[in-house]
>>> print(open('data_24.pdb').read())   # PDB, N, CA and C atoms
ATOM      1  N   MET A   1      40.874   3.641  30.276
ATOM      2  CA  MET A   1      39.654   4.409  30.439
ATOM      3  C   MET A   1      38.519   3.467  30.803
ATOM      4  N   ILE A   2      37.795   3.818  31.843
ATOM      5  CA  ILE A   2      36.725   2.969  32.354
ATOM      6  C   ILE A   2      35.435   3.145  31.547
ATOM      7  N   PHE A   3      35.123   4.354  31.146
ATOM      8  CA  PHE A   3      33.853   4.623  30.477
ATOM      9  C   PHE A   3      33.675   3.795  29.206
ATOM     10  N   PRO A   4      34.663   3.762  28.286
ATOM     11  CA  PRO A   4      34.456   2.960  27.078
ATOM     12  C   PRO A   4      34.231   1.490  27.381
ATOM     13  N   ARG A   5      34.878   0.932  28.402
ATOM     14  CA  ARG A   5      34.665  -0.470  28.753
ATOM     15  C   ARG A   5      33.241  -0.697  29.226
ATOM     16  N   ARG A   6      32.726   0.218  30.035
ATOM     17  CA  ARG A   6      31.335   0.088  30.514
ATOM     18  C   ARG A   6      30.360   0.215  29.347
ATOM     19  N   ALA A   7      30.633   1.163  28.461
ATOM     20  CA  ALA A   7      29.761   1.349  27.303
ATOM     21  C   ALA A   7      29.785   0.105  26.414
ATOM     22  N   PHE A   8      30.987  -0.480  26.226
ATOM     23  CA  PHE A   8      31.104  -1.694  25.414
ATOM     24  C   PHE A   8      30.357  -2.851  26.069
ATOM     25  N   ALA A   9      30.493  -2.976  27.387
ATOM     26  CA  ALA A   9      29.802  -4.051  28.106
ATOM     27  C   ALA A   9      28.290  -3.872  28.006
ATOM     28  N   ALA A  10      27.821  -2.627  28.141
ATOM     29  CA  ALA A  10      26.384  -2.361  28.039
ATOM     30  C   ALA A  10      25.875  -2.666  26.633
ATOM     31  N   LEU A  11      26.669  -2.321  25.620
ATOM     32  CA  LEU A  11      26.288  -2.602  24.242
ATOM     33  C   LEU A  11      26.210  -4.108  23.998
ATOM     34  N   CYS A  12      27.188  -4.850  24.516
ATOM     35  CA  CYS A  12      27.169  -6.311  24.361
ATOM     36  C   CYS A  12      25.940  -6.918  25.039
ATOM     37  N   ALA A  13      25.619  -6.433  26.233
ATOM     38  CA  ALA A  13      24.448  -6.940  26.939
ATOM     39  C   ALA A  13      23.168  -6.642  26.160
ATOM     40  N   LEU A  14      23.076  -5.452  25.598
ATOM     41  CA  LEU A  14      21.906  -5.064  24.805
ATOM     42  C   LEU A  14      21.782  -5.949  23.563
ATOM     43  N   LEU A  15      22.887  -6.190  22.870
ATOM     44  CA  LEU A  15      22.846  -7.041  21.683
ATOM     45  C   LEU A  15      22.443  -8.466  22.028
ATOM     46  N   LEU A  16      22.970  -8.992  23.123
ATOM     47  CA  LEU A  16      22.618 -10.338  23.561
ATOM     48  C   LEU A  16      21.138 -10.434  23.888
ATOM     49  N   TRP A  17      20.616  -9.424  24.593
ATOM     50  CA  TRP A  17      19.188  -9.407  24.945
ATOM     51  C   TRP A  17      18.325  -9.309  23.693
ATOM     52  N   SER A  18      18.727  -8.449  22.731
ATOM     53  CA  SER A  18      17.889  -8.256  21.540
ATOM     54  C   SER A  18      17.867  -9.514  20.672
ATOM     55  N   THR A  19      18.974 -10.250  20.583
ATOM     56  CA  THR A  19      18.953 -11.479  19.789
ATOM     57  C   THR A  19      18.108 -12.554  20.458
ATOM     58  N   GLN A  20      18.121 -12.603  21.776
ATOM     59  CA  GLN A  20      17.269 -13.563  22.475
ATOM     60  C   GLN A  20      15.800 -13.200  22.307
ATOM     61  N   ALA A  21      15.493 -11.913  22.387
ATOM     62  CA  ALA A  21      14.106 -11.470  22.217
ATOM     63  C   ALA A  21      13.622 -11.766  20.802
ATOM     64  N   ALA A  22      14.506 -11.576  19.806
ATOM     65  CA  ALA A  22      14.116 -11.847  18.416
ATOM     66  C   ALA A  22      13.869 -13.331  18.202
ATOM     67  N   ALA A  23      14.648 -14.176  18.855
ATOM     68  CA  ALA A  23      14.467 -15.620  18.710
ATOM     69  C   ALA A  23      13.151 -16.087  19.310
ATOM     70  N   GLN A  24      12.627 -15.344  20.278
ATOM     71  CA  GLN A  24      11.392 -15.719  20.944
ATOM     72  C   GLN A  24      10.177 -14.987  20.375
ATOM     73  N   SER A  25      10.368 -14.184  19.313
ATOM     74  CA  SER A  25       9.258 -13.413  18.770
ATOM     75  C   SER A  25       8.212 -14.347  18.174
ATOM     76  N   PRO A  26       6.939 -13.948  18.224
ATOM     77  CA  PRO A  26       5.870 -14.808  17.710
ATOM     78  C   PRO A  26       5.900 -14.894  16.185
ATOM     79  N   THR A  27       5.296 -15.927  15.644
ATOM     80  CA  THR A  27       5.137 -16.072  14.209
ATOM     81  C   THR A  27       3.805 -15.419  13.833
ATOM     82  N   TYR A  28       3.844 -14.591  12.814
ATOM     83  CA  TYR A  28       2.640 -13.878  12.402
ATOM     84  C   TYR A  28       2.012 -14.543  11.186
ATOM     85  N   GLN A  29       0.714 -14.392  11.068
ATOM     86  CA  GLN A  29      -0.031 -14.910   9.928
ATOM     87  C   GLN A  29      -0.923 -13.796   9.413
ATOM     88  N   LEU A  30      -0.832 -13.527   8.140
ATOM     89  CA  LEU A  30      -1.661 -12.497   7.525
ATOM     90  C   LEU A  30      -3.103 -12.976   7.471
ATOM     91  N   GLU A  31      -4.016 -12.228   8.065
ATOM     92  CA  GLU A  31      -5.434 -12.589   8.042
ATOM     93  C   GLU A  31      -6.210 -11.733   7.056
ATOM     94  N   GLN A  32      -5.869 -10.457   7.006
ATOM     95  CA  GLN A  32      -6.579  -9.591   6.069
ATOM     96  C   GLN A  32      -5.773  -8.332   5.812
ATOM     97  N   VAL A  33      -6.039  -7.724   4.684
ATOM     98  CA  VAL A  33      -5.466  -6.429   4.336
ATOM     99  C   VAL A  33      -6.630  -5.518   4.024
ATOM    100  N   VAL A  34      -6.695  -4.416   4.699
ATOM    101  CA  VAL A  34      -7.725  -3.418   4.430
ATOM    102  C   VAL A  34      -7.001  -2.212   3.850
ATOM    103  N   GLU A  35      -7.376  -1.841   2.663
ATOM    104  CA  GLU A  35      -6.704  -0.732   1.998
ATOM    105  C   GLU A  35      -7.727   0.306   1.582
ATOM    106  N   LEU A  36      -7.479   1.507   1.982
ATOM    107  CA  LEU A  36      -8.288   2.636   1.529
ATOM    108  C   LEU A  36      -7.410   3.410   0.563
ATOM    109  N   SER A  37      -7.852   3.528  -0.646
ATOM    110  CA  SER A  37      -7.001   4.102  -1.674
ATOM    111  C   SER A  37      -7.809   5.034  -2.562
ATOM    112  N   ARG A  38      -7.150   6.090  -2.981
ATOM    113  CA  ARG A  38      -7.785   6.965  -3.957
ATOM    114  C   ARG A  38      -7.806   6.253  -5.298
ATOM    115  N   HIS A  39      -8.728   6.626  -6.125
ATOM    116  CA  HIS A  39      -8.827   6.050  -7.452
ATOM    117  C   HIS A  39      -7.594   6.405  -8.268
ATOM    118  N   GLY A  40      -7.400   5.687  -9.363
ATOM    119  CA  GLY A  40      -6.316   6.001 -10.280
ATOM    120  C   GLY A  40      -6.636   7.264 -11.064
ATOM    121  N   VAL A  41      -5.818   7.563 -12.034
ATOM    122  CA  VAL A  41      -6.006   8.772 -12.837
ATOM    123  C   VAL A  41      -7.227   8.587 -13.719
ATOM    124  N   ARG A  42      -8.183   9.484 -13.541
ATOM    125  CA  ARG A  42      -9.409   9.404 -14.327
ATOM    126  C   ARG A  42     -10.076  10.771 -14.341
ATOM    127  N   PRO A  43     -10.911  11.034 -15.335
ATOM    128  CA  PRO A  43     -11.661  12.285 -15.325
ATOM    129  C   PRO A  43     -12.774  12.212 -14.284
ATOM    130  N   PRO A  44     -13.381  13.349 -13.965
ATOM    131  CA  PRO A  44     -14.454  13.328 -12.978
ATOM    132  C   PRO A  44     -15.656  12.534 -13.478
ATOM    133  N   THR A  45     -16.493  12.124 -12.546
ATOM    134  CA  THR A  45     -17.734  11.452 -12.935
ATOM    135  C   THR A  45     -18.654  12.485 -13.581
ATOM    136  N   PRO A  46     -19.669  12.048 -14.317
ATOM    137  CA  PRO A  46     -20.543  13.014 -14.984
ATOM    138  C   PRO A  46     -21.149  14.043 -14.020
ATOM    139  N   GLY A  47     -21.568  13.606 -12.841
ATOM    140  CA  GLY A  47     -22.142  14.547 -11.873
ATOM    141  C   GLY A  47     -21.129  15.568 -11.395
ATOM    142  N   ASN A  48     -19.898  15.107 -11.172
ATOM    143  CA  ASN A  48     -18.846  16.030 -10.741
ATOM    144  C   ASN A  48     -18.515  17.025 -11.847
ATOM    145  N   ARG A  49     -18.532  16.567 -13.072
ATOM    146  CA  ARG A  49     -18.227  17.467 -14.193
ATOM    147  C   ARG A  49     -19.210  18.640 -14.202
ATOM    148  N   LYS A  50     -20.496  18.334 -14.026
ATOM    149  CA  LYS A  50     -21.501  19.403 -14.022
ATOM    150  C   LYS A  50     -21.245  20.387 -12.892
ATOM    151  N   GLU A  51     -20.904  19.861 -11.700
ATOM    152  CA  GLU A  51     -20.633  20.740 -10.550
ATOM    153  C   GLU A  51     -19.401  21.599 -10.781
ATOM    154  N   ILE A  52     -18.347  21.003 -11.331
ATOM    155  CA  ILE A  52     -17.109  21.748 -11.594
ATOM    156  C   ILE A  52     -17.369  22.847 -12.612
ATOM    157  N   GLU A  53     -18.061  22.501 -13.689
ATOM    158  CA  GLU A  53     -18.332  23.488 -14.731
ATOM    159  C   GLU A  53     -19.253  24.597 -14.225
ATOM    160  N   ALA A  54     -20.211  24.242 -13.371
ATOM    161  CA  ALA A  54     -21.109  25.271 -12.812
ATOM    162  C   ALA A  54     -20.339  26.192 -11.873
ATOM    163  N   ALA A  55     -19.438  25.635 -11.080
ATOM    164  CA  ALA A  55     -18.689  26.445 -10.112
ATOM    165  C   ALA A  55     -17.661  27.340 -10.789
ATOM    166  N   THR A  56     -17.034  26.872 -11.863
ATOM    167  CA  THR A  56     -15.973  27.644 -12.516
ATOM    168  C   THR A  56     -16.470  28.471 -13.701
ATOM    169  N   GLN A  57     -17.678  28.174 -14.153
ATOM    170  CA  GLN A  57     -18.225  28.828 -15.344
ATOM    171  C   GLN A  57     -17.352  28.576 -16.576
ATOM    172  N   ARG A  58     -16.671  27.413 -16.563
ATOM    173  CA  ARG A  58     -15.826  27.044 -17.699
ATOM    174  C   ARG A  58     -16.012  25.559 -17.983
ATOM    175  N   PRO A  59     -15.885  25.159 -19.249
ATOM    176  CA  PRO A  59     -15.995  23.727 -19.556
ATOM    177  C   PRO A  59     -14.761  22.970 -19.063
ATOM    178  N   TRP A  60     -14.976  21.750 -18.614
ATOM    179  CA  TRP A  60     -13.873  20.886 -18.175
ATOM    180  C   TRP A  60     -13.172  20.340 -19.414
ATOM    181  N   PRO A  61     -11.849  20.165 -19.375
ATOM    182  CA  PRO A  61     -11.143  19.633 -20.549
ATOM    183  C   PRO A  61     -11.666  18.258 -20.967
ATOM    184  N   VAL A  62     -11.538  17.966 -22.254
ATOM    185  CA  VAL A  62     -11.947  16.680 -22.793
ATOM    186  C   VAL A  62     -10.820  15.674 -22.533
ATOM    187  N   TRP A  63     -11.171  14.518 -21.994
ATOM    188  CA  TRP A  63     -10.191  13.477 -21.689
ATOM    189  C   TRP A  63     -10.242  12.404 -22.767
ATOM    190  N   SER A  64      -9.268  11.502 -22.743
ATOM    191  CA  SER A  64      -9.223  10.419 -23.732
ATOM    192  C   SER A  64     -10.163   9.273 -23.363
ATOM    193  N   THR A  65     -10.714   9.276 -22.159
ATOM    194  CA  THR A  65     -11.659   8.248 -21.726
ATOM    195  C   THR A  65     -12.966   8.916 -21.331
ATOM    196  N   ARG A  66     -14.006   8.094 -21.188
ATOM    197  CA  ARG A  66     -15.293   8.626 -20.755
ATOM    198  C   ARG A  66     -15.204   9.056 -19.297
ATOM    199  N   ASP A  67     -16.100   9.931 -18.891
ATOM    200  CA  ASP A  67     -16.114  10.412 -17.516
ATOM    201  C   ASP A  67     -16.179   9.252 -16.527
ATOM    202  N   GLY A  68     -15.335   9.307 -15.513
ATOM    203  CA  GLY A  68     -15.324   8.316 -14.450
ATOM    204  C   GLY A  68     -14.508   7.073 -14.726
ATOM    205  N   GLU A  69     -14.008   6.885 -15.943
ATOM    206  CA  GLU A  69     -13.243   5.687 -16.270
ATOM    207  C   GLU A  69     -11.749   5.956 -16.163
ATOM    208  N   LEU A  70     -10.991   4.909 -15.795
ATOM    209  CA  LEU A  70      -9.537   5.038 -15.691
ATOM    210  C   LEU A  70      -8.920   5.356 -17.039
ATOM    211  N   THR A  71      -7.914   6.205 -17.023
ATOM    212  CA  THR A  71      -7.120   6.422 -18.233
ATOM    213  C   THR A  71      -6.135   5.260 -18.358
ATOM    214  N   GLY A  72      -5.445   5.180 -19.467
ATOM    215  CA  GLY A  72      -4.413   4.159 -19.627
ATOM    216  C   GLY A  72      -3.345   4.284 -18.558
ATOM    217  N   HIS A  73      -2.952   5.514 -18.249
ATOM    218  CA  HIS A  73      -1.957   5.757 -17.200
ATOM    219  C   HIS A  73      -2.495   5.326 -15.837
ATOM    220  N   GLY A  74      -3.748   5.639 -15.559
ATOM    221  CA  GLY A  74      -4.358   5.250 -14.286
ATOM    222  C   GLY A  74      -4.446   3.745 -14.138
ATOM    223  N   TYR A  75      -4.778   3.052 -15.234
ATOM    224  CA  TYR A  75      -4.851   1.591 -15.212
ATOM    225  C   TYR A  75      -3.475   1.003 -14.933
ATOM    226  N   ALA A  76      -2.457   1.510 -15.623
ATOM    227  CA  ALA A  76      -1.093   1.003 -15.427
ATOM    228  C   ALA A  76      -0.630   1.241 -13.991
ATOM    229  N   ALA A  77      -0.971   2.380 -13.422
ATOM    230  CA  ALA A  77      -0.572   2.675 -12.046
ATOM    231  C   ALA A  77      -1.218   1.707 -11.052
ATOM    232  N   VAL A  78      -2.486   1.391 -11.248
ATOM    233  CA  VAL A  78      -3.184   0.457 -10.361
ATOM    234  C   VAL A  78      -2.587  -0.945 -10.489
ATOM    235  N   VAL A  79      -2.290  -1.382 -11.708
ATOM    236  CA  VAL A  79      -1.681  -2.699 -11.925
ATOM    237  C   VAL A  79      -0.312  -2.766 -11.256
ATOM    238  N   ASN A  80       0.516  -1.746 -11.453
ATOM    239  CA  ASN A  80       1.854  -1.731 -10.849
ATOM    240  C   ASN A  80       1.791  -1.714  -9.325
ATOM    241  N   LYS A  81       0.843  -0.984  -8.778
ATOM    242  CA  LYS A  81       0.686  -0.937  -7.317
ATOM    243  C   LYS A  81       0.316  -2.316  -6.785
ATOM    244  N   GLY A  82      -0.597  -2.996  -7.455
ATOM    245  CA  GLY A  82      -0.991  -4.337  -7.037
ATOM    246  C   GLY A  82       0.153  -5.328  -7.130
ATOM    247  N   ARG A  83       0.932  -5.232  -8.204
ATOM    248  CA  ARG A  83       2.090  -6.121  -8.340
ATOM    249  C   ARG A  83       3.092  -5.887  -7.213
ATOM    250  N   TRP A  84       3.372  -4.612  -6.939
ATOM    251  CA  TRP A  84       4.334  -4.291  -5.892
ATOM    252  C   TRP A  84       3.856  -4.803  -4.539
ATOM    253  N   GLU A  85       2.594  -4.560  -4.221
ATOM    254  CA  GLU A  85       2.077  -5.006  -2.920
ATOM    255  C   GLU A  85       2.129  -6.520  -2.798
ATOM    256  N   GLY A  86       1.760  -7.245  -3.848
ATOM    257  CA  GLY A  86       1.814  -8.704  -3.822
ATOM    258  C   GLY A  86       3.230  -9.204  -3.583
ATOM    259  N   GLU A  87       4.173  -8.627  -4.302
ATOM    260  CA  GLU A  87       5.572  -9.031  -4.134
ATOM    261  C   GLU A  87       6.082  -8.685  -2.737
ATOM    262  N   HIS A  88       5.686  -7.545  -2.233
ATOM    263  CA  HIS A  88       6.087  -7.129  -0.880
ATOM    264  C   HIS A  88       5.584  -8.124   0.169
ATOM    265  N   TYR A  89       4.332  -8.508   0.082
ATOM    266  CA  TYR A  89       3.777  -9.479   1.032
ATOM    267  C   TYR A  89       4.408 -10.860   0.856
ATOM    268  N   ARG A  90       4.769 -11.225  -0.378
ATOM    269  CA  ARG A  90       5.449 -12.507  -0.594
ATOM    270  C   ARG A  90       6.847 -12.494   0.018
ATOM    271  N   GLN A  91       7.571 -11.387  -0.135
ATOM    272  CA  GLN A  91       8.907 -11.284   0.449
ATOM    273  C   GLN A  91       8.855 -11.355   1.971
ATOM    274  N   LEU A  92       7.797 -10.857   2.548
ATOM    275  CA  LEU A  92       7.633 -10.932   4.003
ATOM    276  C   LEU A  92       7.156 -12.306   4.451
ATOM    277  N   GLY A  93       6.832 -13.166   3.493
ATOM    278  CA  GLY A  93       6.351 -14.500   3.810
ATOM    279  C   GLY A  93       4.891 -14.541   4.207
ATOM    280  N   LEU A  94       4.152 -13.479   3.894
ATOM    281  CA  LEU A  94       2.744 -13.395   4.273
ATOM    282  C   LEU A  94       1.808 -13.883   3.186
ATOM    283  N   LEU A  95       2.313 -14.019   1.970
ATOM    284  CA  LEU A  95       1.538 -14.576   0.860
ATOM    285  C   LEU A  95       2.362 -15.665   0.203
ATOM    286  N   THR A  96       1.689 -16.661  -0.316
ATOM    287  CA  THR A  96       2.377 -17.704  -1.071
ATOM    288  C   THR A  96       2.472 -17.264  -2.522
ATOM    289  N   GLY A  97       3.240 -17.997  -3.312
ATOM    290  CA  GLY A  97       3.385 -17.675  -4.720
ATOM    291  C   GLY A  97       2.101 -17.938  -5.493
ATOM    292  N   GLY A  98       1.991 -17.337  -6.647
ATOM    293  CA  GLY A  98       0.821 -17.546  -7.491
ATOM    294  C   GLY A  98      -0.377 -16.735  -7.056
ATOM    295  N   CYS A  99      -1.470 -16.976  -7.708
ATOM    296  CA  CYS A  99      -2.708 -16.251  -7.422
ATOM    297  C   CYS A  99      -3.499 -16.948  -6.314
ATOM    298  N   PRO A 100      -4.211 -16.170  -5.499
ATOM    299  CA  PRO A 100      -5.070 -16.791  -4.486
ATOM    300  C   PRO A 100      -6.268 -17.458  -5.141
ATOM    301  N   GLN A 101      -6.864 -18.400  -4.447
ATOM    302  CA  GLN A 101      -8.074 -19.062  -4.921
ATOM    303  C   GLN A 101      -9.257 -18.108  -4.729
ATOM    304  N   PRO A 102     -10.289 -18.216  -5.568
ATOM    305  CA  PRO A 102     -11.435 -17.315  -5.442
ATOM    306  C   PRO A 102     -12.042 -17.292  -4.037
ATOM    307  N   GLN A 103     -12.087 -18.413  -3.338
ATOM    308  CA  GLN A 103     -12.674 -18.436  -1.992
ATOM    309  C   GLN A 103     -11.759 -17.786  -0.956
ATOM    310  N   ASP A 104     -10.508 -17.477  -1.317
ATOM    311  CA  ASP A 104      -9.551 -16.907  -0.365
ATOM    312  C   ASP A 104      -9.475 -15.391  -0.434
ATOM    313  N   ILE A 105     -10.241 -14.770  -1.318
ATOM    314  CA  ILE A 105     -10.105 -13.332  -1.504
ATOM    315  C   ILE A 105     -11.482 -12.670  -1.611
ATOM    316  N   TYR A 106     -11.564 -11.473  -1.080
ATOM    317  CA  TYR A 106     -12.781 -10.670  -1.188
ATOM    318  C   TYR A 106     -12.347  -9.258  -1.523
ATOM    319  N   VAL A 107     -12.888  -8.708  -2.583
ATOM    320  CA  VAL A 107     -12.546  -7.362  -3.002
ATOM    321  C   VAL A 107     -13.826  -6.568  -3.135
ATOM    322  N   ARG A 108     -13.804  -5.366  -2.620
ATOM    323  CA  ARG A 108     -14.951  -4.477  -2.778
ATOM    324  C   ARG A 108     -14.423  -3.147  -3.277
ATOM    325  N   ALA A 109     -14.994  -2.670  -4.343
ATOM    326  CA  ALA A 109     -14.579  -1.399  -4.908
ATOM    327  C   ALA A 109     -15.721  -0.418  -4.853
TER     328      ALA A 109
END
>>> encode(input="data_24.pdb", output="structure tokens")
Amino acid sequence: MIFPRRAFAALCALLLWSTQAAAQSPTYQLEQVVELSRHGVRPPTPGNRKEIEAATQRPWPVWSTRDGELTGHGYAAVVNKGRWEGEHYRQLGLLTGGCPQPQDIYVRA
């Protein structure tokens, strides 16, 4: 059968081309990470609480933390997310081990 031989030859040519292209791929360097993220689990801010209660004509439930502050669950979720992202970037070779130096990082919340 001629068709399978042609298909095999085309597949071999494609694999050879893709390995050559991968060998010539550029080296990347992480310059910055911009992340837009929703806040962790927390009750509404005091202003939002007033708006919610006015709109629903019902009191908002009492939370274990003050208005606008992370709950224990929200704090744990943010910590775990940061750990995962750091490890992910390290596995990709975009971050070195350990903590960055203060002059190497800028965070705005």
>>> residues_around(input="data_24.pdb", residues="A:Gly40", least_positions_apart="2", cutoff="7 Å", atoms="only C-alpha atoms", output="tab-separated table (two decimals) with N, CA and C atoms, keeping the file's coordinate frame")
chain	number	residue	atom	x	y	z
A	38	ARG	N	-7.15	6.09	-2.98
A	38	ARG	CA	-7.78	6.96	-3.96
A	38	ARG	C	-7.81	6.25	-5.30
A	42	ARG	N	-8.18	9.48	-13.54
A	42	ARG	CA	-9.41	9.40	-14.33
A	42	ARG	C	-10.08	10.77	-14.34
A	70	LEU	N	-10.99	4.91	-15.80
A	70	LEU	CA	-9.54	5.04	-15.69
A	70	LEU	C	-8.92	5.36	-17.04
A	74	GLY	N	-3.75	5.64	-15.56
A	74	GLY	CA	-4.36	5.25	-14.29
A	74	GLY	C	-4.45	3.74	-14.14
A	75	TYR	N	-4.78	3.05	-15.23
A	75	TYR	CA	-4.85	1.59	-15.21
A	75	TYR	C	-3.48	1.00	-14.93
A	77	ALA	N	-0.97	2.38	-13.42
A	77	ALA	CA	-0.57	2.68	-12.05
A	77	ALA	C	-1.22	1.71	-11.05
A	78	VAL	N	-2.49	1.39	-11.25
A	78	VAL	CA	-3.18	0.46	-10.36
A	78	VAL	C	-2.59	-0.94	-10.49
>>> residues_around(input="data_24.pdb", residues="A:Leu94", least_positions_apart="5", cutoff="8 Å", atoms="only N, CA and C atoms", output="MDAnalysis selection string")
chainID A and resid 28:31 88:89
>>> axis_aligned_box(input="data_24.pdb", around="stretch 93-105 of chain A", padding_each_side="6 Å", output="JSON")
{"center_x": -2.9, "center_y": -15.9, "center_z": -1.7, "size_x": 31.5, "size_y": 18.4, "size_z": 24.0}
>>> resolve_selection(input="data_24.pdb", expression="the PyMOL selection byres ((chain A and resi 69) around 6)", output="PyMOL selection string")
chain A and resi 41-43+65-68+70-71
>>> atom_distance(input="data_24.pdb", atom1="atom CA of A:Gly82", atom2="atom N of A:Val62")
29.0 Å
>>> atom_distance(input="data_24.pdb", atom1="atom CA of A:Trp60", atom2="atom CA of A:Ala109")
25.9 Å
>>> atom_distance(input="data_24.pdb", atom1="atom CA of A:Lys81", atom2="atom N of A:Thr45")
22.2 Å
